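File shown here: start15.pdb, holding PDB, C-alpha atoms, pLDDT in the B column.
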```pdb
ATOM      1  CA  SER A  26      67.425  93.165  97.136  1.00 48.00           C
ATOM      2  CA  GLN A  27      69.940  91.425  99.354  1.00 52.00           C
ATOM      3  CA  GLU A  28      73.190  90.922  97.444  1.00 86.00           C
ATOM      4  CA  LEU A  29      74.758  88.746 100.118  1.00 94.00           C
ATOM      5  CA  GLU A  30      72.825  85.844 101.563  1.00 95.00           C
ATOM      6  CA  GLN A  31      73.833  84.428 104.924  1.00 96.00           C
ATOM      7  CA  SER A  32      72.790  81.064 106.245  1.00 96.00           C
ATOM      8  CA  PRO A  33      71.559  80.118 108.665  1.00 97.00           C
ATOM      9  CA  GLN A  34      69.784  83.255 109.894  1.00 96.00           C
ATOM     10  CA  SER A  35      70.051  81.981 113.454  1.00 97.00           C
ATOM     11  CA  LEU A  36      71.940  79.192 115.112  1.00 97.00           C
ATOM     12  CA  ILE A  37      71.808  77.678 118.588  1.00 97.00           C
ATOM     13  CA  VAL A  38      74.640  75.352 119.565  1.00 97.00           C
ATOM     14  CA  GLN A  39      75.831  73.634 122.684  1.00 97.00           C
ATOM     15  CA  GLU A  40      79.003  75.037 124.206  1.00 97.00           C
ATOM     16  CA  GLY A  41      81.998  73.126 122.901  1.00 97.00           C
ATOM     17  CA  LYS A  42      80.423  72.240 119.558  1.00 97.00           C
ATOM     18  CA  ASN A  43      81.704  73.342 116.162  1.00 97.00           C
ATOM     19  CA  LEU A  44      79.634  75.441 113.793  1.00 98.00           C
ATOM     20  CA  THR A  45      79.717  76.985 110.317  1.00 98.00           C
ATOM     21  CA  ILE A  46      78.107  80.115 108.918  1.00 98.00           C
ATOM     22  CA  ASN A  47      77.899  80.688 105.170  1.00 97.00           C
ATOM     23  CA  CYS A  48      77.838  83.829 103.055  1.00 97.00           C
ATOM     24  CA  THR A  49      76.910  83.581  99.364  1.00 96.00           C
ATOM     25  CA  SER A  50      77.038  86.157  96.608  1.00 93.00           C
ATOM     26  CA  SER A  51      75.631  86.029  93.091  1.00 86.00           C
ATOM     27  CA  LYS A  52      78.605  88.068  91.907  1.00 85.00           C
ATOM     28  CA  THR A  53      82.358  87.716  92.267  1.00 85.00           C
ATOM     29  CA  LEU A  54      83.550  89.046  95.588  1.00 85.00           C
ATOM     30  CA  TYR A  55      86.410  91.545  95.617  1.00 82.00           C
ATOM     31  CA  GLY A  56      87.145  91.643  99.302  1.00 85.00           C
ATOM     32  CA  LEU A  57      84.951  89.780 101.765  1.00 93.00           C
ATOM     33  CA  TYR A  58      84.821  90.954 105.365  1.00 95.00           C
ATOM     34  CA  TRP A  59      83.574  89.200 108.468  1.00 97.00           C
ATOM     35  CA  TYR A  60      82.389  91.218 111.452  1.00 98.00           C
ATOM     36  CA  LYS A  61      80.882  90.310 114.797  1.00 97.00           C
ATOM     37  CA  GLN A  62      78.260  92.431 116.549  1.00 97.00           C
ATOM     38  CA  LYS A  63      77.018  92.187 120.101  1.00 93.00           C
ATOM     39  CA  TYR A  64      73.396  93.234 120.507  1.00 85.00           C
ATOM     40  CA  GLY A  65      73.052  97.021 120.494  1.00 84.00           C
ATOM     41  CA  GLU A  66      76.729  97.618 119.815  1.00 90.00           C
ATOM     42  CA  GLY A  67      79.019  98.358 116.900  1.00 93.00           C
ATOM     43  CA  LEU A  68      80.743  95.909 114.587  1.00 96.00           C
ATOM     44  CA  ILE A  69      84.038  94.275 115.481  1.00 96.00           C
ATOM     45  CA  PHE A  70      86.299  93.410 112.557  1.00 95.00           C
ATOM     46  CA  LEU A  71      87.272  89.736 112.439  1.00 96.00           C
ATOM     47  CA  MET A  72      88.900  88.976 109.087  1.00 94.00           C
ATOM     48  CA  MET A  73      89.160  90.026 105.475  1.00 93.00           C
ATOM     49  CA  LEU A  74      89.621  87.673 102.513  1.00 93.00           C
ATOM     50  CA  GLN A  75      90.578  88.681  98.988  1.00 89.00           C
ATOM     51  CA  LYS A  76      92.064  85.806  97.075  1.00 87.00           C
ATOM     52  CA  GLY A  77      90.225  82.754  95.801  1.00 88.00           C
ATOM     53  CA  GLY A  78      90.930  79.806  98.083  1.00 90.00           C
ATOM     54  CA  GLU A  79      92.232  82.063 100.841  1.00 93.00           C
ATOM     55  CA  GLU A  80      91.855  80.944 104.431  1.00 95.00           C
ATOM     56  CA  LYS A  81      92.544  82.908 107.610  1.00 95.00           C
ATOM     57  CA  SER A  82      92.318  81.986 111.262  1.00 95.00           C
ATOM     58  CA  HIS A  83      92.118  83.962 114.468  1.00 89.00           C
ATOM     59  CA  GLU A  84      91.987  82.004 117.697  1.00 89.00           C
ATOM     60  CA  LYS A  85      89.191  79.474 117.149  1.00 94.00           C
ATOM     61  CA  ILE A  86      87.599  81.204 114.175  1.00 97.00           C
ATOM     62  CA  THR A  87      88.520  80.276 110.596  1.00 97.00           C
ATOM     63  CA  ALA A  88      87.206  81.974 107.473  1.00 97.00           C
ATOM     64  CA  LYS A  89      87.550  80.746 103.901  1.00 96.00           C
ATOM     65  CA  LEU A  90      86.815  82.217 100.496  1.00 94.00           C
ATOM     66  CA  ASP A  91      86.078  79.685  97.770  1.00 91.00           C
ATOM     67  CA  GLU A  92      88.059  79.470  94.533  1.00 82.00           C
ATOM     68  CA  LYS A  93      85.314  81.155  92.522  1.00 86.00           C
ATOM     69  CA  LYS A  94      85.165  83.981  95.078  1.00 82.00           C
ATOM     70  CA  GLN A  95      81.410  83.775  95.422  1.00 91.00           C
ATOM     71  CA  GLN A  96      81.058  82.036  98.764  1.00 94.00           C
ATOM     72  CA  SER A  97      82.697  82.376 102.138  1.00 96.00           C
ATOM     73  CA  SER A  98      82.340  80.317 105.273  1.00 97.00           C
ATOM     74  CA  LEU A  99      83.102  81.119 108.886  1.00 98.00           C
ATOM     75  CA  HIS A 100      83.878  78.161 111.096  1.00 98.00           C
ATOM     76  CA  ILE A 101      84.100  78.224 114.888  1.00 98.00           C
ATOM     77  CA  THR A 102      85.773  75.330 116.667  1.00 97.00           C
ATOM     78  CA  ALA A 103      84.852  74.350 120.230  1.00 97.00           C
ATOM     79  CA  SER A 104      82.396  77.228 120.660  1.00 97.00           C
ATOM     80  CA  GLN A 105      82.359  79.275 123.876  1.00 96.00           C
ATOM     81  CA  PRO A 106      79.804  81.675 125.358  1.00 96.00           C
ATOM     82  CA  SER A 107      82.037  84.562 124.246  1.00 95.00           C
ATOM     83  CA  HIS A 108      81.360  83.598 120.622  1.00 97.00           C
ATOM     84  CA  ALA A 109      77.683  84.498 120.953  1.00 97.00           C
ATOM     85  CA  GLY A 110      76.529  87.443 118.867  1.00 97.00           C
ATOM     86  CA  ILE A 111      75.584  88.402 115.322  1.00 97.00           C
ATOM     87  CA  TYR A 112      78.016  87.549 112.563  1.00 98.00           C
ATOM     88  CA  LEU A 113      77.908  89.717 109.455  1.00 98.00           C
ATOM     89  CA  CYS A 114      79.625  89.264 106.134  1.00 97.00           C
ATOM     90  CA  GLY A 115      80.271  92.344 104.026  1.00 96.00           C
ATOM     91  CA  ALA A 116      81.573  92.909 100.518  1.00 93.00           C
ATOM     92  CA  ILE A 117      83.057  95.951  98.848  1.00 87.00           C
ATOM     93  CA  LYS A 118      80.759  97.481  96.243  1.00 82.00           C
ATOM     94  CA  GLY A 119      81.680 100.370  94.032  1.00 75.00           C
ATOM     95  CA  ALA A 120      84.353 102.683  95.349  1.00 69.00           C
ATOM     96  CA  GLN A 121      84.523 101.844  99.007  1.00 78.00           C
ATOM     97  CA  LYS A 122      81.162 101.104 100.549  1.00 88.00           C
ATOM     98  CA  LEU A 123      80.358  97.803 102.183  1.00 93.00           C
ATOM     99  CA  VAL A 124      77.236  95.807 101.387  1.00 94.00           C
ATOM    100  CA  PHE A 125      76.253  93.441 104.181  1.00 96.00           C
ATOM    101  CA  GLY A 126      74.346  90.226 104.548  1.00 95.00           C
ATOM    102  CA  GLN A 127      71.416  90.171 106.940  1.00 95.00           C
ATOM    103  CA  GLY A 128      73.490  88.579 109.681  1.00 96.00           C
ATOM    104  CA  THR A 129      73.521  85.260 111.535  1.00 97.00           C
ATOM    105  CA  ARG A 130      72.506  85.312 115.182  1.00 97.00           C
ATOM    106  CA  LEU A 131      74.559  82.808 117.173  1.00 97.00           C
ATOM    107  CA  THR A 132      73.488  81.585 120.611  1.00 97.00           C
ATOM    108  CA  ILE A 133      75.713  79.337 122.689  1.00 97.00           C
ATOM    109  CA  ASN A 134      73.992  77.192 125.297  1.00 95.00           C
ATOM    110  CA  PRO A 135      76.079  76.244 128.356  1.00 91.00           C
TER     111      PRO A 135
ATOM    112  CA  ASP B 287      90.886 104.289 123.594  1.00 55.00           C
ATOM    113  CA  THR B 288      91.848 105.191 120.020  1.00 76.00           C
ATOM    114  CA  GLY B 289      88.895 103.553 118.262  1.00 93.00           C
ATOM    115  CA  VAL B 290      85.966 105.220 116.519  1.00 97.00           C
ATOM    116  CA  SER B 291      83.705 107.036 118.968  1.00 97.00           C
ATOM    117  CA  GLN B 292      80.120 108.180 118.523  1.00 98.00           C
ATOM    118  CA  ASN B 293      77.923 110.505 120.542  1.00 97.00           C
ATOM    119  CA  PRO B 294      75.350 110.266 121.844  1.00 97.00           C
ATOM    120  CA  ARG B 295      74.982 106.518 122.258  1.00 96.00           C
ATOM    121  CA  HIS B 296      71.208 106.788 122.576  1.00 97.00           C
ATOM    122  CA  LYS B 297      68.737 109.430 121.469  1.00 98.00           C
ATOM    123  CA  ILE B 298      64.989 109.559 121.989  1.00 98.00           C
ATOM    124  CA  THR B 299      63.155 112.324 120.188  1.00 98.00           C
ATOM    125  CA  LYS B 300      59.675 113.278 119.161  1.00 98.00           C
ATOM    126  CA  ARG B 301      58.561 113.133 115.563  1.00 97.00           C
ATOM    127  CA  GLY B 302      59.322 116.369 113.765  1.00 97.00           C
ATOM    128  CA  GLN B 303      62.354 117.296 115.870  1.00 98.00           C
ATOM    129  CA  ASN B 304      65.874 117.646 114.490  1.00 98.00           C
ATOM    130  CA  VAL B 305      68.720 115.483 115.774  1.00 98.00           C
ATOM    131  CA  THR B 306      72.473 115.575 115.253  1.00 98.00           C
ATOM    132  CA  PHE B 307      74.971 112.780 115.792  1.00 98.00           C
ATOM    133  CA  ARG B 308      78.723 113.054 115.988  1.00 98.00           C
ATOM    134  CA  CYS B 309      81.422 110.624 114.932  1.00 98.00           C
ATOM    135  CA  ASP B 310      85.119 110.867 115.788  1.00 97.00           C
ATOM    136  CA  PRO B 311      87.125 108.530 113.548  1.00 96.00           C
ATOM    137  CA  ILE B 312      90.406 106.819 114.289  1.00 95.00           C
ATOM    138  CA  SER B 313      93.097 109.458 114.197  1.00 91.00           C
ATOM    139  CA  GLU B 314      94.494 110.077 110.700  1.00 84.00           C
ATOM    140  CA  HIS B 315      91.972 107.846 108.950  1.00 91.00           C
ATOM    141  CA  ASN B 316      91.058 109.772 105.848  1.00 91.00           C
ATOM    142  CA  ARG B 317      87.855 107.897 104.982  1.00 94.00           C
ATOM    143  CA  LEU B 318      84.718 108.096 107.092  1.00 96.00           C
ATOM    144  CA  TYR B 319      81.440 106.282 106.491  1.00 96.00           C
ATOM    145  CA  TRP B 320      77.887 106.433 107.828  1.00 97.00           C
ATOM    146  CA  TYR B 321      75.593 103.398 107.841  1.00 97.00           C
ATOM    147  CA  ARG B 322      72.109 102.754 109.143  1.00 97.00           C
ATOM    148  CA  GLN B 323      71.007  99.470 110.671  1.00 96.00           C
ATOM    149  CA  THR B 324      67.455  98.415 111.465  1.00 95.00           C
ATOM    150  CA  LEU B 325      66.519  95.476 113.650  1.00 91.00           C
ATOM    151  CA  GLY B 326      67.384  92.110 112.164  1.00 90.00           C
ATOM    152  CA  GLN B 327      69.198  93.559 109.173  1.00 93.00           C
ATOM    153  CA  GLY B 328      72.771  94.251 108.203  1.00 94.00           C
ATOM    154  CA  PRO B 329      74.005  97.855 108.047  1.00 96.00           C
ATOM    155  CA  GLU B 330      73.077  99.867 104.939  1.00 95.00           C
ATOM    156  CA  PHE B 331      75.433 102.438 103.463  1.00 95.00           C
ATOM    157  CA  LEU B 332      74.391 106.081 103.714  1.00 96.00           C
ATOM    158  CA  THR B 333      77.381 108.190 102.725  1.00 95.00           C
ATOM    159  CA  TYR B 334      81.153 108.468 102.834  1.00 94.00           C
ATOM    160  CA  PHE B 335      83.866 111.116 103.013  1.00 95.00           C
ATOM    161  CA  GLN B 336      87.415 111.192 101.799  1.00 93.00           C
ATOM    162  CA  ASN B 337      88.935 113.822 104.062  1.00 92.00           C
ATOM    163  CA  GLU B 338      86.391 116.664 103.966  1.00 92.00           C
ATOM    164  CA  ALA B 339      84.874 115.772 100.604  1.00 92.00           C
ATOM    165  CA  GLN B 340      81.582 113.871 100.555  1.00 91.00           C
ATOM    166  CA  LEU B 341      82.107 111.493  97.654  1.00 91.00           C
ATOM    167  CA  GLU B 342      79.047 109.293  97.620  1.00 89.00           C
ATOM    168  CA  LYS B 343      75.518 109.412  98.972  1.00 90.00           C
ATOM    169  CA  SER B 344      72.979 106.601  98.974  1.00 90.00           C
ATOM    170  CA  ARG B 345      69.456 107.243  97.769  1.00 87.00           C
ATOM    171  CA  LEU B 346      68.502 106.239 101.320  1.00 82.00           C
ATOM    172  CA  LEU B 347      69.826 109.659 102.307  1.00 85.00           C
ATOM    173  CA  SER B 348      66.753 111.801 101.732  1.00 88.00           C
ATOM    174  CA  ASP B 349      66.955 115.586 101.708  1.00 92.00           C
ATOM    175  CA  ARG B 350      66.117 115.545 105.430  1.00 96.00           C
ATOM    176  CA  PHE B 351      69.548 114.023 106.048  1.00 96.00           C
ATOM    177  CA  SER B 352      72.778 115.959 105.855  1.00 96.00           C
ATOM    178  CA  ALA B 353      76.300 114.929 106.750  1.00 96.00           C
ATOM    179  CA  GLU B 354      79.396 117.052 107.102  1.00 96.00           C
ATOM    180  CA  ARG B 355      83.057 116.592 107.811  1.00 96.00           C
ATOM    181  CA  PRO B 356      84.269 120.187 107.798  1.00 91.00           C
ATOM    182  CA  LYS B 357      87.921 119.734 108.712  1.00 87.00           C
ATOM    183  CA  GLY B 358      88.400 116.197 107.573  1.00 85.00           C
ATOM    184  CA  SER B 359      88.360 114.907 111.135  1.00 91.00           C
ATOM    185  CA  PHE B 360      85.059 114.407 112.988  1.00 96.00           C
ATOM    186  CA  SER B 361      81.752 114.170 111.162  1.00 98.00           C
ATOM    187  CA  THR B 362      78.163 115.049 111.998  1.00 98.00           C
ATOM    188  CA  LEU B 363      74.970 113.515 110.678  1.00 98.00           C
ATOM    189  CA  GLU B 364      71.839 115.617 111.038  1.00 97.00           C
ATOM    190  CA  ILE B 365      68.285 114.440 110.504  1.00 97.00           C
ATOM    191  CA  GLN B 366      65.680 117.179 110.155  1.00 97.00           C
ATOM    192  CA  ARG B 367      61.975 116.721 110.829  1.00 97.00           C
ATOM    193  CA  THR B 368      62.462 113.197 112.129  1.00 98.00           C
ATOM    194  CA  GLU B 369      59.948 110.491 111.267  1.00 97.00           C
ATOM    195  CA  GLN B 370      59.233 107.229 113.059  1.00 96.00           C
ATOM    196  CA  GLY B 371      60.827 105.389 110.142  1.00 95.00           C
ATOM    197  CA  ASP B 372      64.135 107.036 111.010  1.00 97.00           C
ATOM    198  CA  SER B 373      64.353 104.921 114.169  1.00 97.00           C
ATOM    199  CA  ALA B 374      67.473 102.809 113.748  1.00 97.00           C
ATOM    200  CA  MET B 375      71.079 102.372 114.810  1.00 97.00           C
ATOM    201  CA  TYR B 376      73.366 104.853 113.050  1.00 98.00           C
ATOM    202  CA  LEU B 377      76.873 103.500 112.673  1.00 98.00           C
ATOM    203  CA  CYS B 378      80.032 105.350 111.770  1.00 98.00           C
ATOM    204  CA  ALA B 379      83.188 103.717 110.447  1.00 97.00           C
ATOM    205  CA  SER B 380      86.600 104.956 109.404  1.00 96.00           C
ATOM    206  CA  SER B 381      89.327 103.414 107.298  1.00 93.00           C
ATOM    207  CA  ASP B 382      92.735 103.951 105.833  1.00 82.00           C
ATOM    208  CA  ARG B 383      94.885 101.952 103.490  1.00 80.00           C
ATOM    209  CA  ASP B 384      97.597  99.882 105.181  1.00 76.00           C
ATOM    210  CA  ARG B 385     101.047  99.134 103.795  1.00 74.00           C
ATOM    211  CA  GLY B 386      99.697  96.076 102.012  1.00 75.00           C
ATOM    212  CA  GLY B 387      97.051  98.149 100.247  1.00 76.00           C
ATOM    213  CA  GLN B 388      94.270  96.606 102.265  1.00 80.00           C
ATOM    214  CA  GLU B 389      91.487  98.830 103.499  1.00 86.00           C
ATOM    215  CA  THR B 390      89.468  97.832 106.559  1.00 91.00           C
ATOM    216  CA  GLN B 391      86.534  99.742 107.975  1.00 94.00           C
ATOM    217  CA  TYR B 392      86.500 100.007 111.768  1.00 95.00           C
ATOM    218  CA  PHE B 393      83.156 100.759 113.320  1.00 97.00           C
ATOM    219  CA  GLY B 394      82.089 102.846 116.270  1.00 97.00           C
ATOM    220  CA  PRO B 395      79.571 101.714 118.905  1.00 96.00           C
ATOM    221  CA  GLY B 396      76.675 103.397 117.090  1.00 97.00           C
ATOM    222  CA  THR B 397      73.946 105.845 118.046  1.00 97.00           C
ATOM    223  CA  ARG B 398      70.567 104.280 118.613  1.00 97.00           C
ATOM    224  CA  LEU B 399      67.753 106.637 117.612  1.00 98.00           C
ATOM    225  CA  LEU B 400      64.153 106.201 118.686  1.00 98.00           C
ATOM    226  CA  VAL B 401      61.577 108.548 117.206  1.00 98.00           C
ATOM    227  CA  LEU B 402      58.295 108.638 119.130  1.00 97.00           C
TER     228      LEU B 402
END
```
Take the structure from the file and write it as structure tokens.
Amino acid sequence: SQELEQSPQSLIVQEGKNLTINCTSSKTLYGLYWYKQKYGEGLIFLMMLQKGGEEKSHEKITAKLDEKKQQSSLHITASQPSHAGIYLCGAIKGAQKLVFGQGTRLTINP
Amino acid sequence: DTGVSQNPRHKITKRGQNVTFRCDPISEHNRLYWYRQTLGQGPEFLTYFQNEAQLEKSRLLSDRFSAERPKGSFSTLEIQRTEQGDSAMYLCASSDRDRGGQETQYFGPGTRLLVL
């Protein structure tokens, strides 16, 4: 069963618009990672969050981890075509392995 | 380029054949991971190494799968007697702990396997 649920599964937005992707866990998250994947390629690390209430930004992408450490959101401001791809959240489980959500496919329309 | 590299990038094989993939991690990263990703899904953990020791294997890793990291540097993943259900993207990642104690897995470009 999927331990991390991402929503929405796919998203189409107009270039320049803001958007938010959510990642929800039924268990407390000890380390939440966000990756981006272009179709047919590997994963590119975006950000990692550990502390409840933590927020990090990189360029126009902001990720937050809620106080209870069970939900994270990824927000993109003024989206661009370069933001298109699949966004994956991952959480540490056990010793070191990552468990991933099913991904959110983002399409940016010009 | 000092990132994780994987070879080959694509592999097409016939059912029943053996295939081997190679992963070269980021230099001096002591942890190396293998994941499998099917279409529309997130990657699923297969196995991981700390240096040359294989410390954990998923039950997804049937006895047809074997992974090695003989010198604690590059790793190989072999699939024997391939089946059509083995068709997937095989991803390798490596990690090390930074000064702040944070561990981040960096992924390679993947090997896409198609079993006919």
Discussion item. Distance limit 9 Å, atoms considered: only C-alpha atoms. Which chain A residues sit that close to chain B? Return them as a ChimeraX atom specification.
Written reply: /A:58,65-70,73,113-115,120-128
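Closest approach to B:Asp384 from the set B:Ala339, B:His315, B:Val305, B:Asn293 is made by B:His315, with distances taken over only C-alpha atoms.
Protein and nucleic acid residues near (67.2, 117.4, 104.9) are Leu347, Ser348, Asp349, Arg350, Phe351, Ser352, Glu364, Ile365, Gln366 and Arg367 of chain B, the criterion being any atom at most 9 Å away using all atoms listed in the file.
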Could you give me the axis-aligned bounding box of stretch 393-398 of chain B, with 4 Å of padding per side, as centre plus edge lengths in Å to one decimal, as lines of an AutoDock Vina configuration file?
```
center_x = 76.9
center_y = 103.3
center_z = 116.1
size_x = 20.6
size_y = 13.1
size_z = 13.6
```
Worksheet entry | Close residues, A:Leu74 itself excluded, 10 Å, only C-alpha atoms, min 3 positions apart in chain, as a list in words | Leu54, Tyr55, Gly56, Leu57, Tyr58, Trp59, Gly77, Gly78, Glu79, Glu80, Lys81, Ala88, Lys89, Leu90, Asp91, Lys94, Ser97 and Ala116 of chain A
Discussion item. Which residues, named as in the file, does the PyMOL selection byres ((chain B and resi 362) around 8) pick out? Answer as a PyMOL selection string.
Written reply: chain B and resi 306-309+353-355+360-361+363-364
Worksheet item: What gap, in Å, lies between atom CA of B:Ala374 and atom CA of B:Ser291?
Response: 17.6 Å
Worksheet item: Could you state the separation of atom CA of B:Arg385 and atom CA of B:Gly289 in Å, given to one decimal place?
Response: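 That distance, rounded to one decimal, is 19.4 Å.
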